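Coordinates from model-v1.txt are shown below (compact mmCIF, C-alpha atoms and all ligand atoms).
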```txt
# COMPACT_ATOMS: atom_id res chain seq x y z
CA MET A 28 98.47 167.99 136.10
CA ARG A 29 99.77 170.54 133.62
CA ILE A 30 99.29 170.44 129.86
CA ASP A 31 101.74 172.25 127.57
CA ASN A 32 99.55 173.37 124.69
CA PRO A 33 101.60 174.86 121.81
CA TYR A 34 98.39 176.19 120.21
CA ASP A 35 97.46 178.38 123.19
CA LYS A 36 98.37 181.70 121.54
CA GLN A 37 97.10 184.38 119.18
CA GLY A 38 98.20 184.59 115.58
CA THR A 39 97.46 183.99 111.93
CA TRP A 40 97.56 180.57 110.29
CA LEU A 41 100.21 180.52 107.55
CA ARG A 42 100.77 177.73 105.04
CA GLY A 43 104.17 176.61 103.80
CA SER A 44 106.73 173.95 102.97
CA PHE A 45 110.37 173.98 104.10
CA HIS A 46 111.78 171.30 101.80
CA ASN A 47 111.75 171.87 98.02
CA HIS A 48 114.28 171.54 95.18
CA THR A 49 115.13 173.55 92.05
CA ASN A 50 117.35 172.79 89.05
CA ASN A 51 120.22 174.17 91.12
CA SER A 52 120.37 170.56 92.38
CA ASP A 53 118.19 167.66 91.19
CA GLY A 54 114.87 169.51 90.82
CA TRP A 55 113.52 169.84 87.27
CA PHE A 56 112.58 173.52 87.34
CA SER A 57 114.08 176.94 87.76
CA LEU A 58 113.60 178.91 90.96
CA GLU A 59 111.04 181.17 89.29
CA THR A 60 108.95 178.18 88.17
CA VAL A 61 109.06 176.70 91.68
CA TYR A 62 107.94 180.06 93.09
CA ASN A 63 105.01 180.01 90.64
CA MET A 64 104.06 176.46 91.67
CA TYR A 65 103.66 177.77 95.22
CA ALA A 66 102.43 181.28 94.44
CA ASP A 67 99.52 181.05 96.92
CA TYR A 68 101.67 179.81 99.82
CA ASP A 69 102.53 182.14 102.72
CA PHE A 70 106.10 180.89 102.98
CA LEU A 71 108.48 178.58 101.18
CA ALA A 72 112.04 177.37 101.70
CA ILE A 73 114.33 176.24 98.88
CA SER A 74 116.53 173.42 100.09
CA ASP A 75 118.80 172.21 97.31
CA HIS A 76 121.24 169.37 97.99
CA ASP A 77 124.48 170.55 99.58
CA LYS A 78 124.11 174.18 98.48
CA ILE A 79 122.32 177.34 99.56
CA THR A 80 120.42 178.52 96.49
CA ASN A 81 120.26 182.28 95.91
CA LEU A 82 116.59 183.25 96.27
CA GLU A 83 116.50 186.19 93.85
CA ALA A 84 113.74 185.72 91.26
CA ILE A 85 110.28 187.13 90.60
CA CYS A 86 108.24 185.88 93.55
CA ARG A 87 104.72 186.40 94.89
CA ILE A 88 105.24 184.33 98.06
CA PRO A 89 105.45 186.80 100.99
CA THR A 90 108.22 184.99 102.89
CA VAL A 91 110.99 182.80 101.47
CA PHE A 92 113.75 181.06 103.40
CA GLU A 93 117.25 180.05 102.41
CA ALA A 94 117.83 176.41 103.26
CA ILE A 95 120.07 173.46 102.46
CA GLU A 96 119.59 169.71 102.49
CA VAL A 97 122.77 168.15 103.80
CA SER A 98 122.79 165.04 101.62
CA SER A 99 125.28 162.33 102.48
CA THR A 100 125.01 158.88 100.93
CA LYS A 101 123.31 158.02 104.24
CA PRO A 102 120.79 160.25 106.11
CA HIS A 103 119.69 163.70 104.98
CA MET A 104 119.19 166.76 107.18
CA LEU A 105 117.32 169.98 106.40
CA LEU A 106 118.68 173.30 107.66
CA VAL A 107 116.45 176.36 107.29
CA LYS A 108 118.22 179.74 107.55
CA PRO A 109 121.74 178.29 107.82
CA PRO A 110 124.69 180.68 108.17
CA TYR A 111 126.90 180.93 105.03
CA SER A 112 129.85 179.96 107.22
CA ILE A 113 128.80 176.30 106.97
CA MET A 114 129.88 176.32 103.30
CA GLU A 115 133.54 176.94 104.23
CA GLY A 116 135.23 173.56 103.84
CA TYR A 117 131.76 171.98 103.49
CA SER A 118 131.53 168.19 103.52
CA ASN A 119 128.28 166.22 103.51
CA GLU A 120 129.94 163.18 105.06
CA PHE A 121 127.61 161.55 107.57
CA THR A 122 129.05 161.40 111.02
CA ILE A 123 127.10 162.53 114.07
CA ALA A 124 129.85 165.09 114.78
CA ASN A 125 129.70 166.59 111.26
CA TYR A 126 125.89 166.74 111.15
CA GLN A 127 125.73 168.08 114.71
CA GLN A 128 128.08 170.99 113.95
CA PHE A 129 125.84 171.98 110.99
CA ALA A 130 122.77 171.72 113.21
CA ASP A 131 124.41 173.76 115.99
CA ALA A 132 125.60 176.49 113.60
CA THR A 133 122.09 176.82 112.13
CA LEU A 134 120.29 176.81 115.48
CA ASP A 135 122.76 179.37 116.86
CA HIS A 136 122.00 181.50 113.76
CA GLY A 137 118.26 181.51 114.53
CA GLY A 138 117.41 178.78 112.04
CA ILE A 139 115.82 175.35 112.43
CA CYS A 140 117.04 171.80 111.80
CA VAL A 141 114.90 168.85 110.66
CA LEU A 142 115.90 165.21 110.19
CA VAL A 143 114.18 164.41 106.90
CA HIS A 144 112.59 161.29 105.39
CA PRO A 145 113.81 159.06 108.25
CA ASN A 146 112.01 156.00 106.84
CA ARG A 147 113.30 156.14 103.25
CA TYR A 148 114.65 152.62 103.67
CA PHE A 149 115.78 152.09 100.07
CA SER A 150 118.37 154.85 100.43
CA ASN A 151 118.71 157.83 102.74
CA PHE A 152 117.06 156.85 106.02
CA TRP A 153 117.84 157.52 109.68
CA THR A 154 118.30 154.79 112.25
CA ILE A 155 116.60 155.53 115.56
CA GLU A 156 120.01 155.13 117.26
CA ASP A 157 121.48 157.96 115.15
CA MET A 158 118.39 160.12 115.75
CA LEU A 159 118.85 159.63 119.49
CA GLN A 160 122.53 160.55 119.23
CA MET A 161 121.78 163.84 117.45
CA GLU A 162 120.87 166.70 119.78
CA ARG A 163 119.03 170.02 119.74
CA TYR A 164 117.29 169.51 116.37
CA THR A 165 113.88 171.10 115.90
CA GLY A 166 112.02 168.14 114.53
CA VAL A 167 111.59 165.22 112.16
CA GLU A 168 109.83 164.99 108.82
CA ILE A 169 106.87 162.76 109.61
CA TYR A 170 105.34 163.15 106.14
CA ASN A 171 107.41 163.63 102.99
CA GLY A 172 105.54 164.08 99.71
CA ASP A 173 108.36 162.80 97.49
CA GLY A 174 107.85 159.20 98.53
CA ASN A 175 104.71 157.16 98.70
CA ILE A 176 102.85 155.35 101.42
CA GLU A 177 105.46 152.58 101.63
CA TYR A 178 108.09 154.96 102.92
CA ASP A 179 108.55 158.60 103.89
CA ILE A 180 105.84 158.35 106.56
CA ALA A 181 107.57 158.27 109.95
CA PHE A 182 105.10 158.46 112.82
CA ASP A 183 106.74 155.41 114.41
CA LYS A 184 110.13 157.10 114.76
CA TRP A 185 108.48 160.31 115.98
CA ASP A 186 106.65 158.41 118.73
CA SER A 187 109.92 156.68 119.68
CA LEU A 188 111.72 160.01 120.05
CA LEU A 189 108.84 161.61 121.96
CA SER A 190 108.58 158.56 124.21
CA ALA A 191 112.32 158.80 124.89
CA GLY A 192 111.64 162.27 126.29
CA ARG A 193 112.75 164.32 123.30
CA THR A 194 110.86 167.50 122.38
CA VAL A 195 110.89 167.22 118.59
CA TRP A 196 108.16 168.57 116.35
CA GLY A 197 106.66 166.80 113.34
CA PHE A 198 107.04 168.42 109.90
CA GLY A 199 105.24 167.83 106.60
CA ASN A 200 107.02 168.85 103.40
CA ASP A 201 106.69 168.16 99.69
CA ASP A 202 110.41 167.58 98.97
CA SER A 203 109.21 168.57 95.49
CA HIS A 204 111.37 167.93 92.43
CA VAL A 205 108.81 167.81 89.56
CA TYR A 206 105.21 168.82 88.82
CA GLY A 207 102.77 166.53 90.61
CA GLN A 208 104.76 166.65 93.85
CA GLU A 209 103.70 170.16 94.83
CA LYS A 210 101.17 170.77 97.62
CA GLN A 211 101.03 167.18 98.89
CA ALA A 212 102.03 168.00 102.48
CA TRP A 213 102.59 171.28 104.26
CA ASN A 214 102.81 173.02 107.63
CA MET A 215 100.11 175.31 109.02
CA VAL A 216 101.89 177.71 111.35
CA LEU A 217 100.19 179.89 113.98
CA ALA A 218 102.50 182.91 113.70
CA ALA A 219 102.31 186.49 114.97
CA ASP A 220 102.92 187.79 111.43
CA HIS A 221 104.56 186.90 108.08
CA ALA A 222 108.11 187.81 109.13
CA GLN A 223 110.76 185.06 108.99
CA GLU A 224 111.43 185.46 112.72
CA ALA A 225 107.75 185.14 113.61
CA ILE A 226 107.37 181.96 111.56
CA LEU A 227 110.53 180.38 112.98
CA ASP A 228 109.55 181.42 116.53
CA ALA A 229 106.20 179.69 116.12
CA ILE A 230 107.91 176.58 114.73
CA ARG A 231 110.35 176.44 117.65
CA GLY A 232 107.39 176.59 120.04
CA GLY A 233 105.52 173.82 118.20
CA SER A 234 102.71 176.17 117.16
CA PHE A 235 102.01 174.42 113.87
CA TYR A 236 100.46 171.27 112.50
CA VAL A 237 101.00 169.11 109.41
CA SER A 238 98.30 169.00 106.76
CA THR A 239 97.64 166.96 103.65
CA GLY A 240 94.34 168.73 103.08
CA TYR A 241 92.40 168.82 106.34
CA GLY A 242 92.89 171.02 109.41
CA PHE A 243 92.19 172.14 112.94
CA ASP A 244 90.36 175.36 113.80
CA ALA A 245 91.76 175.24 117.34
CA ILE A 246 93.18 172.93 120.02
CA ARG A 247 92.31 174.22 123.50
CA CYS A 248 92.94 173.12 127.09
CA GLU A 249 91.01 173.75 130.27
CA GLY A 250 92.19 172.00 133.42
CA SER A 251 92.80 168.38 132.38
CA LYS A 252 90.49 168.62 129.34
CA ILE A 253 91.72 168.92 125.73
CA THR A 254 89.20 170.19 123.18
CA ILE A 255 89.97 169.69 119.49
CA ASP A 256 87.95 171.80 117.07
CA LEU A 257 88.23 170.20 113.64
CA ARG A 258 88.04 172.46 110.61
CA SER A 259 84.35 173.13 110.31
CA ASN A 260 81.90 174.61 107.82
CA ALA A 261 78.49 173.62 106.46
CA LEU A 262 79.97 171.24 103.86
CA LEU A 263 82.77 169.73 105.96
CA ASP A 264 80.36 169.09 108.84
CA LYS A 265 78.41 166.67 106.62
CA MET A 266 81.44 164.47 106.00
CA TYR A 267 82.78 161.56 108.04
CA LYS A 268 85.88 162.09 110.17
CA TYR A 269 88.28 159.60 111.75
CA VAL A 270 90.10 161.09 114.72
CA THR A 271 92.71 159.27 116.81
CA LEU A 272 94.58 160.55 119.87
CA PHE A 273 97.96 158.96 120.49
CA GLY A 274 100.11 158.96 123.64
CA LYS A 275 103.52 157.67 124.74
CA ASP A 276 104.80 154.66 122.76
CA GLY A 277 102.09 155.25 120.16
CA ARG A 278 99.33 154.07 122.50
CA VAL A 279 95.84 154.85 121.20
CA LEU A 280 94.16 156.98 123.89
CA HIS A 281 90.87 157.82 122.23
CA GLU A 282 89.07 157.49 118.91
CA ALA A 283 86.11 159.34 117.44
CA THR A 284 84.40 158.71 114.12
CA GLY A 285 81.35 159.98 112.28
CA ARG A 286 80.15 163.47 111.47
CA VAL A 287 82.12 164.94 114.38
CA LYS A 288 83.46 168.47 114.40
CA GLN A 289 84.77 168.53 117.97
CA VAL A 290 86.55 165.94 120.10
CA VAL A 291 86.98 166.31 123.87
CA TYR A 292 89.49 164.23 125.81
CA GLU A 293 89.95 164.14 129.57
CA CYS A 294 93.63 163.55 130.41
CA GLN A 295 94.46 160.94 133.05
CA GLY A 296 97.95 162.27 133.71
CA ASP A 297 99.93 159.21 132.58
CA GLU A 298 99.77 159.87 128.80
CA GLY A 299 103.22 161.45 128.52
CA TYR A 300 101.91 163.40 125.57
CA VAL A 301 98.77 163.59 123.46
CA ARG A 302 98.91 164.09 119.70
CA VAL A 303 95.97 164.15 117.32
CA SER A 304 95.59 162.62 113.90
CA ALA A 305 92.40 163.64 112.04
CA TYR A 306 91.25 162.33 108.65
CA ILE A 307 88.27 163.41 106.63
CA GLU A 308 86.69 160.87 104.30
CA GLY A 309 88.80 160.74 101.16
CA GLY A 310 91.95 160.55 103.21
CA TYR A 311 92.92 164.22 103.66
CA ALA A 312 94.55 164.64 107.03
CA ALA A 313 95.79 166.95 109.77
CA PHE A 314 98.40 165.88 112.32
CA SER A 315 98.91 167.93 115.48
CA GLN A 316 102.07 168.37 117.49
CA PRO A 317 102.22 166.64 120.88
CA LEU A 318 100.70 168.34 123.91
CA PHE A 319 103.01 167.28 126.73
CA ILE A 320 101.25 166.15 129.92
CA MET A 321 103.08 166.91 133.15
CA LYS A 322 102.07 165.06 136.30
CA ASP A 323 101.98 167.18 139.43
ZN ZN B 1 116.69 163.93 100.81
ZN ZN B 2 115.01 166.70 99.32
```

As structure tokens - that is how I would like this structure written.
Amino acid sequence: MRIDNPYDKQGTWLRGSFHNHTNNSDGWFSLETVYNMYADYDFLAISDHDKITNLEAICRIPTVFEAIEVSSTKPHMLLVKPPYSIMEGYSNEFTIANYQQFADATLDHGGICVLVHPNRYFSNFWTIEDMLQMERYTGVEIYNGDGNIEYDIAFDKWDSLLSAGRTVWGFGNDDSHVYGQEKQAWNMVLAADHAQEAILDAIRGGSFYVSTGYGFDAIRCEGSKITIDLRSNALLDKMYKYVTLFGKDGRVLHEATGRVKQVVYECQGDEGYVRVSAYIEGGYAAFSQPLFIMKD
């Protein structure tokens, strides 16, 4: 048995969101105000609808990314670090061919591509059939802070894609438009340094997890054993945790509750993948990427 552990590397944990709007599209605030809302983040992308916003403004965030949210009347797609060439003759019309050429151009340019808010059923959602037709994309937005618990949470579609054999990572983003939407969901990235390339490299390798307030100190493998170190300190260790490990088709593999700070799971070999969802009492959560389990 072999376990592909995306967290088996050295680096620094960096916090950031890839999906945020300014008043250059339907956000309420100027770029400078949005930068101030996220002044303590390590990285931030500005992803206005159907345009690449110029990032020049006073900014204390070490790393910022150009991005665009391709926003048809149907599904939306986030491109981080897109080439400007996509704006020549730009159309947001949703066809697989049109979205795929934007995705390809961005991936070939060293950027990433995320299918966003796939469960926003009242408007701009993705069908699983369309998600399976799209290729090469980096991941799906499993947690979008612009919605609420009735939509914009998409673990079901993520499990479907993973179970169909796709390597797609889960993203958490605010999709912020107004005050109150900032810092609801973010990505903790284990990157070599703060450079754009280092962050995007780590993302491509799945070396990040989604947080809404809780976290992992480490996820380690030894033989067929996965050890999950939950974020731990004297105060956190007193609080209840609810940890669930999921496998192929969303099957629950293991659960642990109580004042736990470490969970150990022995893989059987038939899991397909193992992903971890950890909540601390109060509801703050951390969601790992899948660790793919390869049978010998
Ligand atoms: Zn959208
Ligand atoms: Zn958006």

Once you count only C-alpha atoms and all ligand atoms, which residues end up within 7 Å of ligand ZN 1 (chain B), and could you hand them over as a ChimeraX atom specification?
/A:96,98,103,143-144,151

Taking all atoms listed in the file into account, which residues have an atom no farther than 8 Å from ligand ZN 2 (chain B)? I'd like them as a count of residues only. 13

Item checked: A:Asn51 surroundings by only C-alpha atoms, 9 Å radius, close-in-sequence under 3 positions cut, as a list in words -> His48, Gly54, Trp55, Phe56, Ser57, Leu58, Asp75, His76, Lys78 and Thr80 of chain A

- Message: I'd like the contact shell of A:Gly240 - 12 Å cut-off, all atoms listed in the file, skipping same-chain residues fewer than 2 positions apart - returned as a list in words.
- Response: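 The residues that qualify are Arg42, Gly199, Lys210, Gln211, Ala212, Trp213, Asn214, Met215, Tyr236, Val237, Ser238, Gly242, Phe243, Arg258, Leu263, Ala305, Tyr306, Ile307, Glu308, Gly309, Gly310, Tyr311, Ala312, Ala313 and Phe314 of chain A.
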
Do you have the atom CA of A:Ser44-atom CA of A:Phe273 distance handy?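 Distance reported for this atom pair: 24.7 Å.
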
Closest to A:Leu272 among A:Ile113, A:Val287, A:Val301, A:Ile139, using all atoms listed in the file?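 Comparing A:Ile113, A:Val287, A:Val301, A:Ile139 against A:Leu272, the winner is A:Val301.
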
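Counting only C-alpha atoms and comparing A:Ile255, A:Leu82, A:Met161, A:Leu318, the residue that lies closest to A:Gln289 is A:Ile255.
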
message: Just the number, please: distance in Å from atom CA of A:Glu293 to atom CA of A:Ile180, one decimal.
response: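 Between these atoms lies a distance of 28.6 Å.
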
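For the atom pair formed by atom CA of A:Ala245 and atom CA of A:Lys268, the distance is 16.1 Å, given to one decimal.
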
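When all atoms listed in the file are used to compute distances to A:Val91, the closest of the residues A:Leu71, A:Val167, A:Ile230, A:Ala218 turns out to be A:Leu71.
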
Q. A:Glu298: which residues within 9 Å, counting all atoms listed in the file, same-chain residues fewer than 4 positions away excluded, as a VMD selection string?
A. chain A and resid 273 to 275 278 280 294 319 to 321

| What's the 9 Å shell around stretch 85-88 of chain A, counting all atoms listed in the file, without same-chain residues fewer than 2 positions away, as JSON, numbers by chain? | {"A": [58, 59, 62, 63, 65, 66, 67, 68, 69, 70, 71, 83, 90, 91]}

Restricting the calculation to only C-alpha atoms: of A:Ala130, A:Ala181, A:Val195, A:Ile226, which residue gets closest to A:Thr165?
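For A:Thr165, the nearest of the candidates is A:Val195.
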
Residues near A:Leu105, anyone? I mean within 6 Å using only C-alpha atoms, not counting same-chain ones fewer than 5 positions away, as a ChimeraX atom specification.
/A:95-96,140-141

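Ranking A:His221, A:Arg147, A:Arg247, A:Arg302 by their shortest atom-to-atom distance to A:Tyr170, with only C-alpha atoms included, puts A:Arg147 first.
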